[in-house]
$ cat structure-v8.cif   # mmCIF, C-alpha atoms
data_final
loop_
_atom_site.group_PDB
_atom_site.id
_atom_site.type_symbol
_atom_site.label_atom_id
_atom_site.label_comp_id
_atom_site.auth_asym_id
_atom_site.auth_seq_id
_atom_site.Cartn_x
_atom_site.Cartn_y
_atom_site.Cartn_z
ATOM 1 C CA LEU A 104 -21.021 -21.460 -3.262
ATOM 2 C CA TYR A 105 -19.704 -25.014 -3.468
ATOM 3 C CA TYR A 106 -18.272 -27.677 -1.211
ATOM 4 C CA LYS A 107 -16.205 -30.760 -1.939
ATOM 5 C CA PRO A 108 -14.260 -32.973 0.455
ATOM 6 C CA LYS A 109 -11.317 -30.871 1.743
ATOM 7 C CA LYS A 110 -12.238 -27.975 -0.532
ATOM 8 C CA ALA A 111 -14.779 -25.159 -0.495
ATOM 9 C CA GLY A 112 -15.321 -21.938 -2.343
ATOM 10 C CA PHE A 113 -17.732 -19.168 -3.099
ATOM 11 C CA SER A 114 -18.064 -16.257 -5.418
ATOM 12 C CA PHE A 115 -19.139 -12.685 -4.763
ATOM 13 C CA ASP A 116 -20.497 -11.415 -8.063
ATOM 14 C CA LYS A 117 -21.932 -8.207 -6.702
ATOM 15 C CA PHE A 118 -22.213 -6.843 -3.193
ATOM 16 C CA GLY A 119 -22.647 -3.275 -1.985
ATOM 17 C CA PHE A 120 -24.153 -1.064 0.685
ATOM 18 C CA ILE A 121 -24.503 2.538 1.855
ATOM 19 C CA GLU A 122 -23.415 3.155 5.444
ATOM 20 C CA ARG A 123 -25.325 5.579 7.652
ATOM 21 C CA SER A 124 -22.511 8.157 7.426
ATOM 22 C CA GLY A 125 -22.894 8.184 3.653
ATOM 23 C CA PHE A 126 -19.940 5.922 2.859
ATOM 24 C CA LYS A 127 -20.792 3.841 -0.178
ATOM 25 C CA LEU A 128 -19.448 0.424 -1.134
ATOM 26 C CA GLU A 129 -20.576 0.381 -4.729
ATOM 27 C CA ASN A 130 -19.367 -3.109 -5.499
ATOM 28 C CA PHE A 131 -17.336 -5.966 -4.044
ATOM 29 C CA GLN A 132 -16.362 -8.935 -6.207
ATOM 30 C CA ALA A 133 -14.087 -11.888 -5.446
ATOM 31 C CA GLN A 134 -13.541 -15.585 -6.065
ATOM 32 C CA LEU A 135 -12.566 -17.444 -2.860
ATOM 33 C CA VAL A 136 -11.205 -20.984 -2.708
ATOM 34 C CA LEU A 137 -10.310 -22.664 0.599
ATOM 35 C CA ASN A 138 -8.729 -26.076 1.120
ATOM 36 C CA ASP A 139 -6.525 -27.757 3.707
ATOM 37 C CA SER A 140 -3.325 -26.155 2.386
ATOM 38 C CA SER A 141 -4.264 -22.762 0.941
ATOM 39 C CA LEU A 142 -6.671 -19.847 0.763
ATOM 40 C CA GLN A 143 -6.982 -18.067 -2.563
ATOM 41 C CA VAL A 144 -8.737 -14.782 -3.186
ATOM 42 C CA ASN A 145 -8.804 -14.193 -6.923
ATOM 43 C CA GLU A 146 -10.179 -11.392 -9.076
ATOM 44 C CA LEU A 147 -10.723 -9.169 -6.061
ATOM 45 C CA SER A 148 -12.416 -5.912 -7.059
ATOM 46 C CA VAL A 149 -13.569 -3.241 -4.614
ATOM 47 C CA ASN A 150 -15.250 0.010 -5.632
ATOM 48 C CA THR A 151 -16.344 2.772 -3.273
ATOM 49 C CA GLY A 152 -17.637 6.238 -3.967
ATOM 50 C CA HIS A 153 -14.113 7.616 -4.440
ATOM 51 C CA SER A 154 -11.706 4.662 -4.582
ATOM 52 C CA ASP A 155 -11.190 1.305 -6.242
ATOM 53 C CA LEU A 156 -8.856 -1.671 -5.878
ATOM 54 C CA GLU A 157 -8.074 -4.770 -7.937
ATOM 55 C CA GLY A 158 -5.832 -7.676 -7.034
ATOM 56 C CA ASP A 159 -5.229 -11.228 -5.865
ATOM 57 C CA PHE A 160 -4.174 -12.814 -2.571
ATOM 58 C CA ASN A 161 -2.852 -16.283 -1.797
ATOM 59 C CA LEU A 162 -2.147 -17.833 1.620
ATOM 60 C CA GLU A 163 -0.412 -21.221 1.886
ATOM 61 C CA TYR A 164 0.057 -23.367 4.993
ATOM 62 C CA PRO A 165 0.821 -27.006 5.970
ATOM 63 C CA SER A 166 -2.760 -27.518 7.164
ATOM 64 C CA LEU A 167 -5.577 -25.523 8.703
ATOM 65 C CA VAL A 168 -4.899 -27.052 12.108
ATOM 66 C CA ALA A 169 -1.160 -26.340 11.888
ATOM 67 C CA VAL A 170 -1.564 -22.719 10.855
ATOM 68 C CA MET A 171 -3.971 -21.996 13.713
ATOM 69 C CA ASP A 172 -1.435 -23.361 16.206
ATOM 70 C CA GLU A 173 1.624 -21.871 14.481
ATOM 71 C CA PRO A 174 0.712 -18.898 12.239
ATOM 72 C CA GLU A 175 4.374 -18.356 11.350
ATOM 73 C CA LYS A 176 4.188 -21.452 9.151
ATOM 74 C CA ALA A 177 1.884 -19.655 6.707
ATOM 75 C CA SER A 178 3.235 -17.830 3.670
ATOM 76 C CA MET A 179 1.436 -15.277 1.563
ATOM 77 C CA ALA A 180 1.598 -13.693 -1.871
ATOM 78 C CA LEU A 181 -0.154 -10.395 -2.494
ATOM 79 C CA ALA A 182 -0.608 -8.736 -5.873
ATOM 80 C CA ILE A 183 -2.595 -5.503 -5.901
ATOM 81 C CA GLN A 184 -2.340 -4.440 -9.516
ATOM 82 C CA ASN A 185 -4.381 -1.286 -9.225
ATOM 83 C CA ILE A 186 -5.241 1.069 -6.367
ATOM 84 C CA ASN A 187 -6.999 4.371 -7.002
ATOM 85 C CA LEU A 188 -7.360 6.122 -3.679
ATOM 86 C CA GLY A 189 -9.687 9.005 -2.942
ATOM 87 C CA VAL A 190 -9.053 10.572 0.465
ATOM 88 C CA GLU A 191 -12.675 11.723 0.526
ATOM 89 C CA ASP A 192 -13.658 8.219 1.673
ATOM 90 C CA ALA A 193 -11.831 8.830 4.964
ATOM 91 C CA TYR A 194 -14.017 11.827 5.769
ATOM 92 C CA TYR A 195 -17.059 9.611 6.351
ATOM 93 C CA PHE A 196 -15.325 7.952 9.321
ATOM 94 C CA ALA A 197 -13.357 10.958 10.620
ATOM 95 C CA PRO A 198 -15.151 14.146 9.505
ATOM 96 C CA SER A 199 -12.503 16.400 11.084
ATOM 97 C CA LEU A 200 -9.998 15.174 8.488
ATOM 98 C CA LYS A 201 -11.739 17.240 5.811
ATOM 99 C CA TYR A 202 -10.199 20.311 7.449
ATOM 100 C CA ASN A 203 -6.665 18.924 7.263
ATOM 101 C CA PRO A 204 -4.821 21.139 4.747
ATOM 102 C CA TYR A 205 -2.523 18.344 3.568
ATOM 103 C CA LEU A 206 -5.418 16.003 2.820
ATOM 104 C CA LYS A 207 -7.256 18.804 1.039
ATOM 105 C CA THR A 208 -4.162 19.201 -1.126
ATOM 106 C CA CYS A 209 -4.156 15.455 -1.850
ATOM 107 C CA GLU A 210 -7.671 15.826 -3.283
ATOM 108 C CA ARG A 211 -6.336 17.993 -6.106
ATOM 109 C CA LYS A 212 -4.784 15.102 -8.018
ATOM 110 C CA SER A 213 -5.373 11.393 -8.437
ATOM 111 C CA PHE A 214 -3.419 8.906 -6.333
ATOM 112 C CA ASN A 215 -2.601 5.571 -7.982
ATOM 113 C CA ALA A 216 -0.548 2.679 -6.611
ATOM 114 C CA SER A 217 0.331 -0.988 -7.015
ATOM 115 C CA LEU A 218 1.808 -3.537 -4.604
ATOM 116 C CA LEU A 219 3.573 -6.873 -5.067
ATOM 117 C CA ALA A 220 4.713 -8.676 -1.905
ATOM 118 C CA SER A 221 5.326 -12.195 -0.608
ATOM 119 C CA GLY A 222 6.654 -13.898 2.505
ATOM 120 C CA ASN A 223 5.605 -14.768 6.041
ATOM 121 C CA ARG A 224 5.411 -13.140 9.461
ATOM 122 C CA ASN A 225 9.208 -13.414 9.827
ATOM 123 C CA LYS A 226 10.244 -11.989 6.474
ATOM 124 C CA VAL A 227 8.350 -10.073 3.791
ATOM 125 C CA ARG A 228 9.739 -9.427 0.350
ATOM 126 C CA LEU A 229 8.474 -6.157 -1.115
ATOM 127 C CA LYS A 230 8.896 -6.873 -4.786
ATOM 128 C CA GLU A 231 7.401 -3.565 -5.768
ATOM 129 C CA ILE A 232 5.520 -0.697 -4.219
ATOM 130 C CA ALA A 233 4.771 1.959 -6.800
ATOM 131 C CA ALA A 234 2.739 5.069 -6.093
ATOM 132 C CA LYS A 235 1.978 8.159 -8.138
ATOM 133 C CA TRP A 236 0.247 11.435 -7.274
ATOM 134 C CA GLY A 237 -0.757 13.257 -10.411
ATOM 135 C CA LYS A 238 1.704 13.160 -13.307
ATOM 136 C CA SER A 239 4.857 14.529 -11.673
ATOM 137 C CA THR A 240 5.237 12.988 -8.212
ATOM 138 C CA SER A 241 6.009 9.303 -7.734
ATOM 139 C CA MET A 242 7.579 6.853 -5.307
ATOM 140 C CA ASP A 243 8.981 3.352 -5.867
ATOM 141 C CA ILE A 244 10.132 0.951 -3.146
ATOM 142 C CA SER A 245 11.569 -2.573 -3.192
ATOM 143 C CA GLY A 246 13.370 -4.591 -0.545
ATOM 144 C CA THR A 247 12.962 -6.982 2.377
ATOM 145 C CA LEU A 248 11.526 -6.558 5.873
ATOM 146 C CA SER A 249 12.517 -8.977 8.639
ATOM 147 C CA ASN A 250 10.335 -9.401 11.734
ATOM 148 C CA PRO A 251 7.870 -6.720 10.550
ATOM 149 C CA LEU A 252 5.528 -7.362 13.497
ATOM 150 C CA ASP A 253 8.235 -7.023 16.168
ATOM 151 C CA THR A 254 9.618 -3.484 16.490
ATOM 152 C CA ASP A 255 12.411 -4.696 18.801
ATOM 153 C CA ARG A 256 13.716 -7.046 16.102
ATOM 154 C CA LEU A 257 12.617 -5.162 13.000
ATOM 155 C CA ALA A 258 15.261 -5.077 10.253
ATOM 156 C CA TRP A 259 15.303 -4.169 6.594
ATOM 157 C CA ASP A 260 17.303 -4.425 3.404
ATOM 158 C CA LEU A 261 16.016 -1.664 1.166
ATOM 159 C CA ASP A 262 17.126 -2.175 -2.425
ATOM 160 C CA GLU A 263 15.414 0.910 -3.725
ATOM 161 C CA PHE A 264 13.582 3.939 -2.472
ATOM 162 C CA ASN A 265 13.071 6.452 -5.250
ATOM 163 C CA PHE A 266 11.138 9.690 -4.869
ATOM 164 C CA ILE A 267 10.537 12.070 -7.767
ATOM 165 C CA SER A 268 8.698 15.388 -7.621
ATOM 166 C CA THR A 269 8.650 18.963 -8.859
ATOM 167 C CA ALA A 270 8.687 22.436 -7.346
ATOM 168 C CA ALA A 271 5.058 22.912 -8.384
ATOM 169 C CA ASP A 272 3.903 19.848 -6.425
ATOM 170 C CA LEU A 273 6.073 20.552 -3.364
ATOM 171 C CA ASN A 274 4.739 24.097 -3.195
ATOM 172 C CA LEU A 275 1.191 22.786 -2.923
ATOM 173 C CA PHE A 276 2.025 21.152 0.427
ATOM 174 C CA THR A 277 4.525 23.614 1.887
ATOM 175 C CA PRO A 278 5.101 26.917 0.055
ATOM 176 C CA GLU A 279 8.806 27.543 -0.380
ATOM 177 C CA ASP A 280 8.513 31.153 0.812
ATOM 178 C CA SER A 281 7.336 29.871 4.222
ATOM 179 C CA LEU A 282 10.627 27.976 4.508
ATOM 180 C CA GLY A 283 12.837 30.704 3.104
ATOM 181 C CA ILE A 284 14.170 28.448 0.340
ATOM 182 C CA LYS A 285 13.601 27.853 -3.337
ATOM 183 C CA TYR A 286 12.624 24.370 -4.449
ATOM 184 C CA PRO A 287 14.420 22.840 -7.453
ATOM 185 C CA GLN A 288 12.344 22.630 -10.611
ATOM 186 C CA SER A 289 12.716 18.844 -10.395
ATOM 187 C CA LEU A 290 13.890 16.537 -7.623
ATOM 188 C CA ASP A 291 15.027 12.903 -7.823
ATOM 189 C CA LEU A 292 16.040 11.149 -4.592
ATOM 190 C CA SER A 293 17.324 7.550 -4.590
ATOM 191 C CA VAL A 294 18.063 5.747 -1.318
ATOM 192 C CA SER A 295 19.300 2.280 -0.370
ATOM 193 C CA SER A 296 19.597 1.119 3.233
ATOM 194 C CA ALA A 297 20.086 -1.953 5.382
ATOM 195 C CA GLY A 298 20.026 -2.581 9.119
ATOM 196 C CA SER A 299 17.744 -2.189 12.112
ATOM 197 C CA LEU A 300 16.424 0.618 14.294
ATOM 198 C CA ASP A 301 19.589 0.359 16.424
ATOM 199 C CA ASP A 302 22.168 0.153 13.649
ATOM 200 C CA PHE A 303 21.762 0.817 9.943
ATOM 201 C CA ASN A 304 23.596 2.155 6.907
ATOM 202 C CA LEU A 305 22.211 4.437 4.261
ATOM 203 C CA GLU A 306 23.330 5.591 0.831
ATOM 204 C CA ALA A 307 21.523 8.343 -1.032
ATOM 205 C CA VAL A 308 21.815 10.172 -4.328
ATOM 206 C CA LEU A 309 19.967 13.473 -4.727
ATOM 207 C CA GLN A 310 19.598 15.049 -8.142
ATOM 208 C CA ALA A 311 18.373 18.632 -7.922
ATOM 209 C CA TYR A 312 19.384 22.170 -8.866
ATOM 210 C CA ASN A 313 21.148 20.732 -11.958
ATOM 211 C CA ALA A 314 23.560 18.839 -9.740
ATOM 212 C CA SER A 315 23.959 15.472 -7.997
ATOM 213 C CA VAL A 316 24.826 14.938 -4.346
ATOM 214 C CA VAL A 317 25.953 11.525 -3.035
ATOM 215 C CA LEU A 318 25.572 10.794 0.683
#

$ encode --input "structure-v8.cif" --output "structure tokens"
Amino acid sequence: LYYKPKKAGFSFDKFGFIERSGFKLENFQAQLVLNDSSLQVNELSVNTGHSDLEGDFNLEYPSLVAVMDEPEKASMALAIQNINLGVEDAYYFAPSLKYNPYLKTCERKSFNASLLASGNRNKVRLKEIAAKWGKSTSMDISGTLSNPLDTDRLAWDLDEFNFISTAADLNLFTPEDSLGIKYPQSLDLSVSSAGSLDDFNLEAVLQAYNASVVL
């Protein structure tokens, strides 16, 4: 912990606890620096019993007084380089979820993700959202969200939405015989879209069954 005129900071080298439900925060580490124009959270590392996260966060603003009066003047940059998510952590807070068949299926394979984003409360640039479940199912997203906190004015410009999976993975969630169809051995869906909830356009390319369909 340190303090200088117009600047303060502190470091969490190791912090953890076990909650009464059994949830365990094994370690929390971060370097925080606060001054009159920015808040920086560097080398953030969070480890629980089933999940972990690593990344950095930066918030910039004209001044502390100005951002409290007008939060829209703040801008942020978020870089979560590594997320390993274990759904088992959720069971400590909502025990009934352990009986959800879809979540039980999620337990079978590791879920990894990363996130790069920047912007403010009026516009957020999603530079990259990448997620992977096991080795064969993945999702990548990039684009821009306008007015993300106002559903009446929400708009988007989605550069990329790409979903890749296999028949083996899809069958784990919903068996094809229950739907009366046969999944393709591999599936690759790419989507781009722009607009709002009232009016939007969408273009999609689906590669499956050894063919490509353009919508």

$ residues_around --input "structure-v8.cif" --residues "segment 128-131 of chain A" --least-positions-apart "6" --cutoff "9 Å" --atoms "all atoms listed in the file" --output "ChimeraX atom specification"
/A:115-122,147-152

$ resolve_selection --input "structure-v8.cif" --expression "the PyMOL selection byres ((chain A and resi 253) around 12)" --output "VMD selection string"
chain A and resid 224 to 226 248 to 252 254 to 258 299 to 300

$ atom_distance --input "structure-v8.cif" --atom1 "atom CA of Asn187 of chain A" --atom2 "atom CA of Ser217 of chain A"
9.1 Å

$ resolve_selection --input "structure-v8.cif" --expression "the PyMOL selection byres ((chain A and resi 218) around 8)" --output "PyMOL selection string"
chain A and resi 181-184+216-217+219-220+229-233

$ resolve_selection --input "structure-v8.cif" --expression "the PyMOL selection byres ((chain A and resi 243) around 10)" --output "list of chain:residue names"
A:Ala216, A:Ser217, A:Glu231, A:Ile232, A:Ala233, A:Ala234, A:Lys235, A:Ser241, A:Met242, A:Ile244, A:Ser245, A:Glu263, A:Phe264, A:Asn265, A:Phe266, A:Ile267, A:Ser293

$ closest_residue --input "structure-v8.cif" --among "A:Asp302, A:Glu279, A:Glu146, A:Glu173" --to "Asn161 of chain A" --atoms "all atoms listed in the file"
A:Glu146

$ atom_distance --input "structure-v8.cif" --atom1 "atom CA of Lys201 of chain A" --atom2 "atom CA of Gly189 of chain A"
12.2 Å

$ atom_distance --input "structure-v8.cif" --atom1 "atom CA of Lys238 of chain A" --atom2 "atom CA of Arg211 of chain A"
11.8 Å

$ closest_residue --input "structure-v8.cif" --among "A:Trp236, A:Phe214, A:Trp259, A:Phe126" --to "Phe196 of chain A" --atoms "all atoms listed in the file"
A:Phe126

$ closest_residue --input "structure-v8.cif" --among "A:Leu261, A:Ala270, A:Leu292, A:Phe303" --to "Val317 of chain A" --atoms "all atoms listed in the file"
A:Leu292

$ closest_residue --input "structure-v8.cif" --among "A:Phe160, A:Tyr194, A:Tyr205, A:Phe276" --to "Ser124 of chain A" --atoms "only C-alpha atoms"
A:Tyr194

$ closest_residue --input "structure-v8.cif" --among "A:Leu282, A:Ala307, A:Leu290, A:Val190" --to "Asp262 of chain A" --atoms "all atoms listed in the file"
A:Ala307

$ residues_near_point --input "structure-v8.cif" --point "(-12.9, -26.2, 3.1)" --cutoff "7 Å" --atoms "all atoms listed in the file" --output "ChimeraX atom specification"
/A:109-111,137-139

$ closest_residue --input "structure-v8.cif" --among "A:Leu206, A:Leu200, A:Ala193, A:Leu318" --to "Lys127 of chain A" --atoms "only C-alpha atoms"
A:Ala193

$ residues_around --input "structure-v8.cif" --residues "Leu273 of chain A" --least-positions-apart "4" --cutoff "12 Å" --atoms "only C-alpha atoms" --output "PyMOL selection string"
chain A and resi 205+208-209+236+239-240+267-269+277-280+282+284-290
